[in-house]
Structures are given as C-alpha cells and as structure tokens.
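Peer 1: Have a look at the structure that comes next, please.
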Amino acid sequence: MLEKIRLQYQALKILRTKNIKQFPRRFLLYMLLRSRHEKLTLHNGKFVISSDLPPFPSKAFDRCIKALHSTMGKDVVIPIYASFSVTNKCVYNCWHCYINSLKEEDMPSESVLNIIQMLQDLGVSVIAFTGGEPLLRTDLSEIISEINGRSSVILFTTGYGLTKERAWELKNAGLFAVIIGLEHSQQQMHDTLRDYDGAYKLAIKAIKNAKEAGLYVGVSTVATKERIKTGEIWDFVRLTGTQGVDEVLILEPVPVGKLFEQDELLLTNKERKQIIKIQKKVNRIKRYPRVLSYPYRESKNMMGCCAGYQYIHIAASGNICPCSFTPLSFGNAQKENVKTIWKRMNDTFNKPRNHCFMLQNHKRIPKNKDDGFIHYEQAIQIYNNCPASDVPLFYRKLGVR
C-alpha cells in the first residue's frame, strides 16, 4: 500500500510539471488511458516509466519532454534516443545477430567521446551503448563517466564480463540501467541460441551482480513463433520474476543480419497481438517485472516506429542510421557534425511510422553492401520507393500530421 501511495504521488508530480501541462489536452487524456497498460516503478528514489525513457525527476527527463515538444513545431525534431554500437566484437555467435557481417575496428576513446558530446548538444536524453558486446571495451566506464546528467545512460549486454566489480564500476561511472539479453528460460536452449556453453549462467550471474550494484535491471528477449505457441514466453516472464528483474523487453525477429530473407521467422499480426496481451496482463500482476513489448510500443495505436524521427543510431564505424536495424547511412560522425547528419536524416524520415520500417521495407534493401551500409544518395532513393505510412496515434495526439 505504501509503495502504491508513493507511486501515485510521483505520478501527480509529473502531471503538475509545467512543461507537461503544455501538451494538448487530447494527448494528456490519451496518455492517461494508455497508462493502464504500463507498470510504474520507483528506483533509487526516482520514478521510472521504462528503461528507454529517463527517470523522473532528472535533467534528462526534462530534455525528453522538450524533445516531444519539438514535434509540435516547424523546426528540426530533437531525437530522444540514441543507440551507440561501440564495438562489433563479441565472443558469442547468436542466432539472430544483425551485425555479424560488420568488421569495422573500434573507434578510439577520443572519437567516441566527441560523438557523445555532439549527441548531448543535439538534445538526446537517452544514450544506449550496444555492440557486439560493449563490455569488451576496457574504456567503457571512462566513456560513461564523461556523460553528464543531460542524458540517461543504458547498457545492452549479453552479460559476458559483467562481474560484481565491473557492475559497481559502471554504476559509479553514471550508468542508470543495464539490459541483459536472455533468449530462453531453459539453460540448454539459451546456450544453443548463443552458440556458447555457459552463456545462461553468465547472464543469470550478471543479473545478480547488476542488482547488487543498484542498477535498474532489464532483460531483453526475442519472442519467436515457437516460444509463443508453446507458452514458453510465460515461463520466461516467471523466471525473470524470481530473479528480481525490474523490466522485461520483448522484441520480435527483424529480417536483418542472420535473419535476412528468412521471412518464415517473422511474426504474424495474430502473434503480435498475443505478445501485447502478455504485456497488458503481466503489468497488472505485482509479483512480475514490468513488460515493455515492442509489438505494443511500435503499433499504430502507440508510438509506432520513430527510426530517424526521434531515434538515431551510431554504428561502430561512425555511420549514422535511423535505427540499429536499418543500414541506411546518412553520414559518418567521424567526418561530419552529428547535427548536420541528423538534419539530413530527419528531413527524410520526417514523420513517425505506424509500424517498424524494416519489417515493412526489408525487401527493398539489398543485402550485398560493400561496408555493410547503403550510403546517402542510394539511401534516399530506397526511402523514396517505400510506401508512405500513417502517423501513429501517440504522435497524432501531439498534432503531428
């Protein structure tokens, strides 16, 4: 009961924030109705809506709201979320890896820090480090420590190398959340899908280490047809509950990397609806972590796909793309200012879409790319040949047309 009262008090504080009140009433009412499918939590005294949004109160949260306000004007939209692949190296050989063919060398620390500075100056309020396996970078803590409070910091990892000492080191450097990939509730299946004996035990240990360090801990997983059909996805959610996880991210297969041209693995609309039902049901059960499913988040009735609109991805080479799954490069951050590249990309991806861009348009994107990316001029041609999309409801309520 006390926890519920504290959450309600924090929610009231958010609604009374001046910049929140400036949103259209239709948007606030829409968000109020949608909140019944979410599970709000307190972590280290801050209000957490989900890992991909900054906690409240914080400077990063205020900047996130400012970015949403930017969609209501005529200027360039401010990105909220930046994913940064700081390495393509990894000891695993995962079944669904989307960067297995990329061989770029890691950028030096100085280049990474320069790009982060440009991202923060652009207005990004969430910076997520991905890979490969980002923990293979020995300078990761130093990189994170240079990010100031304007942005919330997230780490996506397999759990490989997340020792107790490393978890505390990252926490002290300023890391807010860690998202650990776990592909199955059964040890043998997870190890098989990672193609690495012992991967499951390392992931479970990483969850424990991250929890002990006081990090917000999420677990990500890819829901396959088989896992949905057998109900194993429910076993998975129950497992995360026993591990004290704060959040479960349920993704779906995307036809890139190893899954390119494997359309038989893609989920049907019926299967996506089943995942959405899981989110809605689990988020009403106190003993389970909150669930954020991307079939729900990226649906036409929610935020849809924000690739290139309020999402920006920086590859290990410095190439800037609309998202980590979309190999359309609009420039390289080691050669140009991120602000210049972002405007170029945002002028093209000038509206959010009501479904994942790659799921809708992967057949229009050729597989054979010299360096793994399709560069600006050809990227524009490909985009212009893609069908237009309606604006998802979340942004329509903000006035985006």
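Residue numbers start at 1 in each chain; chains themselves are named A, B, ... in the order of the structure tokens; ligands are numbered from 1 in the order shown.
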Which residues are near range 178-187 of chain A? Cut-off 6 Å, only C-alpha atoms, ignore same chain within fewer than 3 positions. Put them as number ranges by chain.

Peer 2: A: 154-159, 190, 200, 217-221, 236

Peer 1: Could you give me, as a list in words, the residues within 8 Å of Lys46 in chain A, counting only C-alpha atoms and dropping anything in the same chain fewer than 6 positions from it?

Peer 2: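 Near Lys46 in chain A, the qualifying residues are Pro55, Phe56 and Pro57 of chain A.
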
Peer 1: Find the residue from A:Ile250, A:Leu42, A:Pro366, A:Ser109 that sits nearest to Ser293 in chain A; use only C-alpha atoms when measuring.

Peer 2: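 The closest residue to Ser293 in chain A is A:Ile250.
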
Peer 1: Using only C-alpha atoms, which protein or nucleic acid residues come within 10 Å of His96 in chain A? Drop anything in the same chain fewer than 6 positions from it, and give the result as a list in words.

Peer 2: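 Contacts, with the query itself left out: Leu193, Arg194, Val222, Pro253, Val254, Pro255, Val256, Gly257, Lys258, Leu259 and Phe260 of chain A.
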